[in-house]
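Coordinates from work_38.pdb are shown below (PDB, C-alpha atoms).
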ATOM      1  CA  MET W   1       9.708  10.521  17.524
ATOM      2  CA  ASN W   2      12.161   8.104  15.987
ATOM      3  CA  VAL W   3      10.249   6.170  13.292
ATOM      4  CA  LEU W   4      11.273   3.160  11.221
ATOM      5  CA  VAL W   5       9.750   3.071   7.732
ATOM      6  CA  THR W   6      10.423  -0.142   5.837
ATOM      7  CA  GLY W   7      10.152   0.080   2.079
ATOM      8  CA  ALA W   8      11.253   3.720   2.255
ATOM      9  CA  ALA W   9      12.532   3.636  -1.338
ATOM     10  CA  GLY W  10       9.106   2.480  -2.522
ATOM     11  CA  PHE W  11       6.207   4.618  -3.664
ATOM     12  CA  ILE W  12       4.123   4.815  -0.487
ATOM     13  CA  GLY W  13       7.135   4.435   1.813
ATOM     14  CA  TYR W  14       8.880   7.420   0.235
ATOM     15  CA  HIS W  15       5.848   9.685   0.679
ATOM     16  CA  VAL W  16       5.194   8.536   4.260
ATOM     17  CA  ALA W  17       8.848   9.026   5.239
ATOM     18  CA  ASN W  18       8.848  12.484   3.663
ATOM     19  CA  ALA W  19       5.681  13.521   5.530
ATOM     20  CA  LEU W  20       7.153  12.365   8.843
ATOM     21  CA  LEU W  21      10.382  14.267   8.194
ATOM     22  CA  GLU W  22       8.484  17.414   7.292
ATOM     23  CA  ARG W  23       6.650  17.361  10.599
ATOM     24  CA  GLY W  24       9.920  17.039  12.513
ATOM     25  CA  GLU W  25      10.339  13.305  13.163
ATOM     26  CA  SER W  26      13.564  11.348  12.794
ATOM     27  CA  VAL W  27      13.156   8.602  10.209
ATOM     28  CA  THR W  28      15.184   5.477   9.495
ATOM     29  CA  GLY W  29      14.407   4.028   6.086
ATOM     30  CA  PHE W  30      15.004   0.342   5.347
ATOM     31  CA  ASP W  31      14.874  -1.149   1.846
ATOM     32  CA  ASN W  32      16.601  -3.837  -0.210
ATOM     33  CA  LEU W  33      16.342  -1.861  -3.480
ATOM     34  CA  ASN W  34      15.331  -4.951  -5.442
ATOM     35  CA  ASP W  35      14.877  -4.821  -9.205
ATOM     36  CA  TYR W  36      11.152  -5.611  -9.372
ATOM     37  CA  TYR W  37      10.998  -2.252 -11.123
ATOM     38  CA  ASP W  38      13.452   0.521 -12.075
ATOM     39  CA  VAL W  39      16.033   0.825  -9.277
ATOM     40  CA  THR W  40      17.046   4.316 -10.423
ATOM     41  CA  LEU W  41      13.556   5.561  -9.528
ATOM     42  CA  LYS W  42      13.956   4.111  -6.027
ATOM     43  CA  GLU W  43      17.395   5.728  -5.737
ATOM     44  CA  ALA W  44      15.950   9.082  -6.818
ATOM     45  CA  ARG W  45      13.347   8.877  -4.058
ATOM     46  CA  LEU W  46      16.062   8.072  -1.518
ATOM     47  CA  GLN W  47      18.186  10.956  -2.744
ATOM     48  CA  ARG W  48      15.344  13.364  -1.991
ATOM     49  CA  LEU W  49      14.788  11.862   1.463
ATOM     50  CA  SER W  50      18.503  12.042   2.213
ATOM     51  CA  ALA W  51      18.379  15.820   1.827
ATOM     52  CA  HIS W  52      16.710  15.810   5.263
ATOM     53  CA  PRO W  53      19.316  15.686   8.040
ATOM     54  CA  ALA W  54      16.960  13.588  10.187
ATOM     55  CA  PHE W  55      16.813  10.753   7.629
ATOM     56  CA  THR W  56      19.004   7.672   7.822
ATOM     57  CA  PHE W  57      18.978   4.926   5.210
ATOM     58  CA  VAL W  58      19.844   1.307   5.913
ATOM     59  CA  LYS W  59      20.034  -1.126   2.997
ATOM     60  CA  GLY W  60      18.984  -4.648   3.891
ATOM     61  CA  ASP W  61      16.581  -7.500   3.240
ATOM     62  CA  LEU W  62      13.674  -8.307   5.553
ATOM     63  CA  ALA W  63      14.188 -12.009   4.911
ATOM     64  CA  ASP W  64      17.650 -11.697   6.530
ATOM     65  CA  SER W  65      16.947 -12.025  10.252
ATOM     66  CA  ALA W  66      20.433 -10.792  11.177
ATOM     67  CA  ALA W  67      19.896  -7.610   9.147
ATOM     68  CA  VAL W  68      16.570  -6.946  10.879
ATOM     69  CA  ASP W  69      18.094  -7.638  14.310
ATOM     70  CA  ALA W  70      20.905  -5.176  13.550
ATOM     71  CA  LEU W  71      18.362  -2.594  12.442
ATOM     72  CA  PHE W  72      16.596  -2.796  15.796
ATOM     73  CA  ALA W  73      19.885  -2.717  17.748
ATOM     74  CA  VAL W  74      20.166   1.062  17.275
ATOM     75  CA  PRO W  75      18.465   3.535  19.691
ATOM     76  CA  PRO W  76      14.841   2.346  20.042
ATOM     77  CA  PHE W  77      12.130   3.262  17.583
ATOM     78  CA  ASP W  78       8.949   4.896  18.838
ATOM     79  CA  ARG W  79       6.923   3.603  15.898
ATOM     80  CA  VAL W  80       7.368   1.101  13.076
ATOM     81  CA  ILE W  81       5.548   1.647   9.776
ATOM     82  CA  HIS W  82       6.069  -1.516   7.764
ATOM     83  CA  LEU W  83       5.444  -0.880   4.060
ATOM     84  CA  ALA W  84       8.099  -3.121   2.486
ATOM     85  CA  ALA W  85       6.682  -6.082   0.570
ATOM     86  CA  GLN W  86       6.811  -7.882  -2.730
ATOM     87  CA  ALA W  87       3.977  -6.166  -4.561
ATOM     88  CA  GLY W  88       1.967  -7.104  -7.635
ATOM     89  CA  VAL W  89      -0.835  -9.577  -8.243
ATOM     90  CA  ARG W  90       0.281 -10.929 -11.633
ATOM     91  CA  TYR W  91       3.943 -11.213 -10.625
ATOM     92  CA  SER W  92       2.860 -13.558  -7.850
ATOM     93  CA  LEU W  93       1.639 -16.031 -10.478
ATOM     94  CA  THR W  94       5.157 -16.437 -11.870
ATOM     95  CA  HIS W  95       7.404 -15.651  -8.875
ATOM     96  CA  PRO W  96       5.622 -17.125  -5.831
ATOM     97  CA  GLY W  97       8.837 -17.628  -3.865
ATOM     98  CA  SER W  98       9.476 -13.890  -3.734
ATOM     99  CA  TYR W  99       6.191 -13.398  -1.874
ATOM    100  CA  VAL W 100       6.969 -16.083   0.678
ATOM    101  CA  GLN W 101      10.359 -14.558   1.470
ATOM    102  CA  SER W 102       9.370 -10.882   1.515
ATOM    103  CA  ASN W 103       5.787 -10.984   2.722
ATOM    104  CA  LEU W 104       5.806 -13.948   5.094
ATOM    105  CA  VAL W 105       9.368 -14.541   6.299
ATOM    106  CA  GLY W 106      10.133 -10.817   6.245
ATOM    107  CA  PHE W 107       6.983  -9.936   8.153
ATOM    108  CA  LEU W 108       7.750 -12.580  10.773
ATOM    109  CA  HIS W 109      11.154 -10.975  11.335
ATOM    110  CA  ILE W 110       9.508  -7.564  11.797
ATOM    111  CA  LEU W 111       7.005  -9.006  14.277
ATOM    112  CA  GLU W 112       9.741 -10.738  16.246
ATOM    113  CA  ALA W 113      11.875  -7.597  16.327
ATOM    114  CA  CYS W 114       8.911  -5.496  17.465
ATOM    115  CA  ARG W 115       8.046  -8.034  20.163
ATOM    116  CA  HIS W 116      11.540  -8.071  21.630
ATOM    117  CA  ALA W 117      11.814  -4.276  21.390
ATOM    118  CA  GLN W 118       8.418  -3.881  23.115
ATOM    119  CA  MET W 119       7.374  -1.633  20.242
ATOM    120  CA  PRO W 120       4.606   0.830  21.192
ATOM    121  CA  HIS W 121       2.852   0.389  17.828
ATOM    122  CA  LEU W 122       3.378  -1.467  14.534
ATOM    123  CA  THR W 123       1.445  -0.163  11.523
ATOM    124  CA  TYR W 124       1.717  -2.350   8.425
ATOM    125  CA  ALA W 125       0.481  -2.527   4.847
ATOM    126  CA  SER W 126      -2.237  -4.969   3.936
ATOM    127  CA  SER W 127      -4.200  -4.808   0.682
ATOM    128  CA  SER W 128      -7.699  -4.595  -0.755
ATOM    129  CA  SER W 129      -6.796  -7.789  -2.622
ATOM    130  CA  VAL W 130      -7.623  -9.773   0.544
ATOM    131  CA  TYR W 131     -11.316  -9.409  -0.326
ATOM    132  CA  GLY W 132     -10.859 -11.825  -3.241
ATOM    133  CA  LEU W 133     -14.171 -13.372  -4.286
ATOM    134  CA  ASN W 134     -16.152 -11.238  -1.826
ATOM    135  CA  ALA W 135     -18.915  -9.504  -3.811
ATOM    136  CA  HIS W 136     -20.455  -7.525  -0.936
ATOM    137  CA  PHE W 137     -19.922  -3.818  -1.737
ATOM    138  CA  PRO W 138     -18.491  -1.666  -0.439
ATOM    139  CA  PHE W 139     -15.820  -3.910   1.085
ATOM    140  CA  SER W 140     -15.938  -3.790   4.871
ATOM    141  CA  VAL W 141     -13.326  -4.861   7.410
ATOM    142  CA  HIS W 142     -16.176  -6.614   9.192
ATOM    143  CA  ASP W 143     -16.651  -8.957   6.195
ATOM    144  CA  ASN W 144     -15.090 -12.391   5.875
ATOM    145  CA  VAL W 145     -11.943 -12.440   3.673
ATOM    146  CA  ASP W 146     -11.210 -16.149   3.403
ATOM    147  CA  HIS W 147     -11.337 -16.465  -0.397
ATOM    148  CA  PRO W 148      -8.274 -14.755  -1.953
ATOM    149  CA  VAL W 149      -7.626 -15.215  -5.689
ATOM    150  CA  SER W 150      -3.865 -14.602  -5.807
ATOM    151  CA  LEU W 151      -0.872 -15.610  -3.725
ATOM    152  CA  TYR W 152      -0.144 -11.921  -3.141
ATOM    153  CA  ALA W 153      -3.582 -11.550  -1.539
ATOM    154  CA  ALA W 154      -3.046 -14.697   0.509
ATOM    155  CA  THR W 155       0.224 -13.350   1.929
ATOM    156  CA  LYS W 156      -1.474 -10.101   2.923
ATOM    157  CA  LYS W 157      -4.272 -11.987   4.656
ATOM    158  CA  ALA W 158      -1.574 -14.072   6.371
ATOM    159  CA  ASN W 159       0.079 -10.862   7.584
ATOM    160  CA  GLU W 160      -3.149  -9.846   9.303
ATOM    161  CA  LEU W 161      -3.433 -13.249  10.978
ATOM    162  CA  MET W 162       0.217 -13.181  12.061
ATOM    163  CA  ALA W 163      -0.201  -9.661  13.465
ATOM    164  CA  HIS W 164      -3.263 -10.696  15.432
ATOM    165  CA  THR W 165      -1.368 -13.619  16.937
ATOM    166  CA  TYR W 166       1.404 -11.318  18.171
ATOM    167  CA  SER W 167      -1.104  -8.777  19.455
ATOM    168  CA  HIS W 168      -2.878 -11.543  21.392
ATOM    169  CA  LEU W 169       0.171 -13.410  22.692
ATOM    170  CA  TYR W 170       2.554 -10.543  23.388
ATOM    171  CA  ASN W 171       0.269  -7.508  23.733
ATOM    172  CA  LEU W 172       1.971  -5.942  20.694
ATOM    173  CA  PRO W 173      -0.287  -3.178  19.306
ATOM    174  CA  THR W 174      -0.684  -3.688  15.550
ATOM    175  CA  THR W 175      -2.759  -1.948  12.901
ATOM    176  CA  GLY W 176      -3.119  -3.176   9.325
ATOM    177  CA  LEU W 177      -4.162  -0.891   6.478
ATOM    178  CA  ARG W 178      -5.814  -2.373   3.410
ATOM    179  CA  PHE W 179      -4.665  -0.097   0.577
ATOM    180  CA  PHE W 180      -6.950   0.479  -2.422
ATOM    181  CA  THR W 181      -5.154   1.212  -5.760
ATOM    182  CA  VAL W 182      -2.818   4.016  -4.719
ATOM    183  CA  TYR W 183      -1.610   6.432  -7.413
ATOM    184  CA  GLY W 184       0.222   9.753  -7.691
ATOM    185  CA  PRO W 185       3.646  11.360  -8.297
ATOM    186  CA  TRP W 186       6.655   9.059  -7.828
ATOM    187  CA  GLY W 187       4.325   6.106  -8.420
ATOM    188  CA  ARG W 188       5.224   2.544  -9.374
ATOM    189  CA  PRO W 189       6.008   1.793 -13.049
ATOM    190  CA  ASP W 190       4.040  -1.470 -12.867
ATOM    191  CA  MET W 191       0.795   0.328 -11.993
ATOM    192  CA  ALA W 192      -1.844   1.242 -14.575
ATOM    193  CA  LEU W 193      -1.483   5.044 -14.473
ATOM    194  CA  PHE W 194       2.276   4.884 -15.023
ATOM    195  CA  LYS W 195       2.076   2.242 -17.766
ATOM    196  CA  PHE W 196      -0.783   3.957 -19.589
ATOM    197  CA  THR W 197       0.895   7.378 -19.494
ATOM    198  CA  LYS W 198       4.160   5.968 -20.828
ATOM    199  CA  ALA W 199       2.457   4.046 -23.636
ATOM    200  CA  ILE W 200       0.173   6.899 -24.725
ATOM    201  CA  LEU W 201       3.098   9.324 -24.920
ATOM    202  CA  ALA W 202       5.009   6.779 -27.006
ATOM    203  CA  GLY W 203       2.036   6.173 -29.300
ATOM    204  CA  GLU W 204       1.832   2.541 -28.209
ATOM    205  CA  PRO W 205      -1.365   0.579 -27.451
ATOM    206  CA  ILE W 206      -2.419  -0.042 -23.855
ATOM    207  CA  ASP W 207      -3.733  -3.366 -22.539
ATOM    208  CA  VAL W 208      -7.208  -2.828 -21.080
ATOM    209  CA  TYR W 209      -8.432  -5.830 -19.100
ATOM    210  CA  ASN W 210     -12.060  -6.898 -18.779
ATOM    211  CA  HIS W 211     -12.684  -4.636 -21.802
ATOM    212  CA  GLY W 212     -12.391  -1.539 -19.588
ATOM    213  CA  ARG W 213     -15.194  -2.586 -17.265
ATOM    214  CA  MET W 214     -12.966  -3.091 -14.217
ATOM    215  CA  ARG W 215     -13.852  -0.749 -11.352
ATOM    216  CA  ARG W 216     -11.196   0.439  -8.924
ATOM    217  CA  ASP W 217     -11.180   2.606  -5.814
ATOM    218  CA  PHE W 218      -8.294   4.828  -6.981
ATOM    219  CA  THR W 219      -6.783   6.647  -3.992
ATOM    220  CA  TYR W 220      -4.399   9.593  -4.275
ATOM    221  CA  ILE W 221      -1.103   9.302  -2.440
ATOM    222  CA  ASP W 222      -1.533  12.433  -0.287
ATOM    223  CA  ASP W 223      -4.798  11.048   1.092
ATOM    224  CA  ILE W 224      -3.102   7.719   1.788
ATOM    225  CA  VAL W 225      -0.228   9.391   3.630
ATOM    226  CA  GLN W 226      -2.646  11.328   5.818
ATOM    227  CA  GLY W 227      -4.311   8.080   6.837
ATOM    228  CA  VAL W 228      -1.064   6.163   7.421
ATOM    229  CA  VAL W 229       0.511   8.824   9.616
ATOM    230  CA  ARG W 230      -2.645   9.412  11.656
ATOM    231  CA  THR W 231      -3.057   5.663  12.155
ATOM    232  CA  ALA W 232       0.538   5.243  13.310
ATOM    233  CA  ASP W 233      -0.058   8.000  15.864
ATOM    234  CA  GLN W 234      -3.076   6.223  17.339
ATOM    235  CA  ILE W 235      -1.987   3.074  19.151
ATOM    236  CA  ALA W 236      -4.309   0.104  18.660
ATOM    237  CA  GLN W 237      -6.336  -0.845  21.737
ATOM    238  CA  PRO W 238      -8.394  -3.915  22.659
ATOM    239  CA  ASP W 239     -12.099  -3.526  21.889
ATOM    240  CA  PRO W 240     -14.295  -4.551  24.833
ATOM    241  CA  ALA W 241     -17.211  -5.040  22.422
ATOM    242  CA  TRP W 242     -15.551  -8.030  20.733
ATOM    243  CA  ASP W 243     -17.607 -11.175  21.264
ATOM    244  CA  ALA W 244     -15.898 -14.576  20.950
ATOM    245  CA  THR W 245     -19.239 -16.237  20.184
ATOM    246  CA  GLN W 246     -19.783 -13.900  17.211
ATOM    247  CA  PRO W 247     -16.223 -12.915  16.231
ATOM    248  CA  ASP W 248     -15.966  -9.692  14.223
ATOM    249  CA  PRO W 249     -12.851  -9.838  11.974
ATOM    250  CA  GLY W 250     -12.446  -6.046  12.059
ATOM    251  CA  ILE W 251     -11.846  -5.773  15.808
ATOM    252  CA  SER W 252     -10.391  -7.897  18.601
ATOM    253  CA  SER W 253      -9.972  -8.408  22.331
ATOM    254  CA  ALA W 254      -6.252  -7.902  21.587
ATOM    255  CA  PRO W 255      -4.629  -4.519  20.741
ATOM    256  CA  TYR W 256      -5.254  -5.166  17.045
ATOM    257  CA  ARG W 257      -6.992  -3.223  14.301
ATOM    258  CA  VAL W 258      -7.423  -3.494  10.556
ATOM    259  CA  TYR W 259      -8.801  -0.679   8.390
ATOM    260  CA  ASN W 260      -9.643   0.000   4.765
ATOM    261  CA  ILE W 261      -7.821   2.998   3.383
ATOM    262  CA  GLY W 262      -9.331   4.055   0.059
ATOM    263  CA  ASN W 263     -11.212   6.790  -1.729
ATOM    264  CA  HIS W 264     -14.596   5.014  -1.313
ATOM    265  CA  THR W 265     -15.559   6.175  -4.845
ATOM    266  CA  PRO W 266     -14.850   3.413  -7.395
ATOM    267  CA  VAL W 267     -14.335   4.434 -11.023
ATOM    268  CA  GLU W 268     -14.538   2.312 -14.166
ATOM    269  CA  LEU W 269     -11.190   1.692 -15.884
ATOM    270  CA  ASP W 270     -12.476   3.148 -19.153
ATOM    271  CA  THR W 271     -13.289   6.435 -17.385
ATOM    272  CA  PHE W 272      -9.851   6.391 -15.736
ATOM    273  CA  ILE W 273      -8.232   6.127 -19.180
ATOM    274  CA  THR W 274     -10.374   8.958 -20.510
ATOM    275  CA  TYR W 275      -9.096  11.226 -17.727
ATOM    276  CA  ILE W 276      -5.504  10.340 -18.672
ATOM    277  CA  GLU W 277      -6.227  11.144 -22.316
ATOM    278  CA  GLU W 278      -7.676  14.511 -21.344
ATOM    279  CA  ALA W 279      -4.678  15.380 -19.145
ATOM    280  CA  LEU W 280      -2.208  14.371 -21.863
ATOM    281  CA  GLY W 281      -4.176  15.832 -24.771
ATOM    282  CA  ARG W 282      -3.730  12.523 -26.612
ATOM    283  CA  LYS W 283      -5.927   9.540 -27.394
ATOM    284  CA  ALA W 284      -5.037   6.045 -26.263
ATOM    285  CA  VAL W 285      -5.038   3.020 -28.546
ATOM    286  CA  ARG W 286      -6.975   0.481 -26.464
ATOM    287  CA  ASN W 287      -6.120  -3.221 -26.717
ATOM    288  CA  LEU W 288      -9.238  -4.713 -25.137
ATOM    289  CA  LEU W 289      -8.580  -7.981 -23.279
ATOM    290  CA  PRO W 290     -10.491 -10.367 -21.000
ATOM    291  CA  MET W 291     -10.027 -10.638 -17.230
ATOM    292  CA  GLN W 292      -6.626 -11.879 -16.109
ATOM    293  CA  PRO W 293      -6.021 -14.631 -13.513
ATOM    294  CA  GLY W 294      -5.801 -13.182 -10.013
ATOM    295  CA  ASP W 295      -7.726 -10.006 -10.844
ATOM    296  CA  VAL W 296     -11.045  -8.980  -9.318
ATOM    297  CA  LYS W 297     -13.693  -7.081 -11.272
ATOM    298  CA  ALA W 298     -14.246  -4.311  -8.749
ATOM    299  CA  THR W 299     -12.999  -2.813  -5.492
ATOM    300  CA  SER W 300     -14.819  -0.367  -3.245
ATOM    301  CA  ALA W 301     -13.721   0.693   0.232
ATOM    302  CA  ASP W 302     -15.935   1.238   3.234
ATOM    303  CA  VAL W 303     -13.701   3.652   5.183
ATOM    304  CA  GLU W 304     -16.131   4.557   7.952
ATOM    305  CA  ASP W 305     -14.076   2.791  10.640
ATOM    306  CA  LEU W 306     -10.930   4.725   9.707
ATOM    307  CA  ARG W 307     -12.903   7.973   9.525
ATOM    308  CA  ARG W 308     -14.195   7.441  13.053
ATOM    309  CA  ALA W 309     -10.807   6.355  14.363
ATOM    310  CA  VAL W 310      -8.514   9.055  12.946
ATOM    311  CA  GLY W 311     -10.677  11.455  10.938
ATOM    312  CA  PHE W 312      -9.599   9.984   7.606
ATOM    313  CA  ALA W 313     -11.166  12.003   4.786
ATOM    314  CA  PRO W 314      -9.825  11.514   1.234
ATOM    315  CA  ALA W 315     -10.200  14.793  -0.597
ATOM    316  CA  THR W 316      -8.416  14.533  -3.965
ATOM    317  CA  PRO W 317     -10.652  14.149  -7.055
ATOM    318  CA  LEU W 318      -9.391  11.571  -9.547
ATOM    319  CA  LYS W 319      -8.960  14.119 -12.355
ATOM    320  CA  THR W 320      -6.851  16.321 -10.082
ATOM    321  CA  GLY W 321      -4.686  13.416  -8.954
ATOM    322  CA  ILE W 322      -4.099  12.192 -12.507
ATOM    323  CA  THR W 323      -3.110  15.702 -13.623
ATOM    324  CA  ARG W 324      -0.597  15.967 -10.766
ATOM    325  CA  PHE W 325       0.910  12.597 -11.672
ATOM    326  CA  ILE W 326       1.297  13.523 -15.338
ATOM    327  CA  GLU W 327       2.897  16.856 -14.425
ATOM    328  CA  TRP W 328       5.410  14.958 -12.281
ATOM    329  CA  TYR W 329       5.965  12.315 -14.970
ATOM    330  CA  GLN W 330       6.681  14.845 -17.705
ATOM    331  CA  ASP W 331       8.970  16.823 -15.430
ATOM    332  CA  TYR W 332      10.876  13.735 -14.249
ATOM    333  CA  TYR W 333      11.184  12.017 -17.622
ATOM    334  CA  GLY W 334      11.035  15.027 -19.896
ATOM    335  CA  GLY W 335       7.810  13.685 -21.399
ATOM    336  CA  GLN W 336       9.246  10.269 -22.153
ATOM    337  CA  ALA W 337      10.544   7.157 -20.349
TER
END
Using the file provided, produce a representation of the structure as structure tokens.
Amino acid sequence: MNVLVTGAAGFIGYHVANALLERGESVTGFDNLNDYYDVTLKEARLQRLSAHPAFTFVKGDLADSAAVDALFAVPPFDRVIHLAAQAGVRYSLTHPGSYVQSNLVGFLHILEACRHAQMPHLTYASSSSVYGLNAHFPFSVHDNVDHPVSLYAATKKANELMAHTYSHLYNLPTTGLRFFTVYGPWGRPDMALFKFTKAILAGEPIDVYNHGRMRRDFTYIDDIVQGVVRTADQIAQPDPAWDATQPDPGISSAPYRVYNIGNHTPVELDTFITYIEEALGRKAVRNLLPMQPGDVKATSADVEDLRRAVGFAPATPLKTGITRFIEWYQDYYGGQA
């Protein structure tokens, strides 16, 4: 197949593109290489992907409709895996415009391009943050998600609504994946594992929110990639069981699906830090802080729907995943950054 992966220079996009290349697909990567975090890390990911002869990189911005139109003017794609977005909950409190341009305007351009190209299947990144104030655990795609607590979460919920509209109006098959705290080698510097590792190695204190009592469904990147690729392979279909008088938000009469993709085993932040300390052989200096605006106290994924649909089965223990990340980090940065 010929697959478009947006956000190919990003953490998840890089790993998904690499997995597709390794199984023999042709991949076009699209990314604007913005400076939300270290651009050299993004360039290093692209350099590794470019070693594959079947990889093509196109630099461009999703908010530029002409750039997206040009991207889709090449020989047709068989699948689109849309992972590009402005990420980060706290950044959305100070840079809301970035989320409107990347996550709303950019996603509209992808939907329009897929519609006109009669794309067989669009798989896109949503987020566990859409659950917001929902306190029903584990989080289920069949739950209501109308109470987000950050603009980032609101844009991801909007993406799901926009996708459903296009699935309904234009019969465009779409599948959204709600990611739960992804971690692993080549990860994002703004994520907890990366920041904590860097600080501990430098002997600097780490900021621990909610006094370490946050609980997160940490999901290793290899497990995520398995789920993304399998989902892209399975084209979304209408569900005849959908009932308009009792609408289930997880399914639809349109070719539309949304799934949780997580480890379904939440871990307390304090335990997460302890595992990092053990892998590094160093103790962290904890700066205990209250909850931050936009954060939620806990996430927990019900992944039964994705298991039934594509056989999704996360298999990487948290200790193992943390050890693999630290091995990569120390190899890439020589122990420092």
Sorted per-residue table, region 229-287 of chain W near region 219-223 of chain W, closest atoms and distance, 10 Å, all atoms listed in the file, as a Markdown table:
| residue | atom | partner | partner_atom | distance |
| --- | --- | --- | --- | --- |
| W:Ile261 | CA | W:Thr219 | CA | 8.3 |
| W:Gly262 | CA | W:Thr219 | CA | 5.4 |
| W:Asn263 | CA | W:Thr219 | CA | 5.0 |
| W:His264 | CA | W:Thr219 | CA | 8.4 |
| W:Thr265 | CA | W:Thr219 | CA | 8.8 |
| W:Pro266 | CA | W:Thr219 | CA | 9.3 |
> CA of Leu71 (chain W) and CA of Leu108 (chain W), how far apart in Å?
Replying inline: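 One can read the CA of Leu108 (chain W) to CA of Leu71 (chain W) distance as 14.7 Å.
Proximity to Asp61 (chain W) was assessed for W:Gly24, W:Gly97, W:Gly334, W:Gly106 counting all atoms listed in the file; the smallest distance is recorded for W:Gly106.
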> What is the distance, in Å and to one decimal place, between CA of Gln118 (chain W) and CA of Phe77 (chain W)?
Replying inline: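 The value is 9.8 Å.
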>> Under the PyMOL selection byres ((chain W and resi 131) around 8), which residues of this model are included? Write them out as a PyMOL selection string.
In response: chain W and resi 128-130+132-134+139+144-148
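Within the file as shown, the PyMOL selection byres ((chain W and resi 15) around 10) identifies Ala8, Ala9, Gly10, Phe11, Ile12, Gly13, Tyr14, Val16, Ala17, Asn18, Ala19, Leu20, Leu21, Arg45, Leu49, Pro185, Trp186, Gly187, Ile221, Asp222, Ile224 and Val225 of chain W.
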> When distances are computed from only C-alpha atoms, which of W:Ala153, W:Leu33, W:Ala125, W:Leu111 shows the smallest separation from Val228 (chain W)?
Replying inline: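 Looking only at the distances to Val228 (chain W), the closest residue turns out to be W:Ala125.
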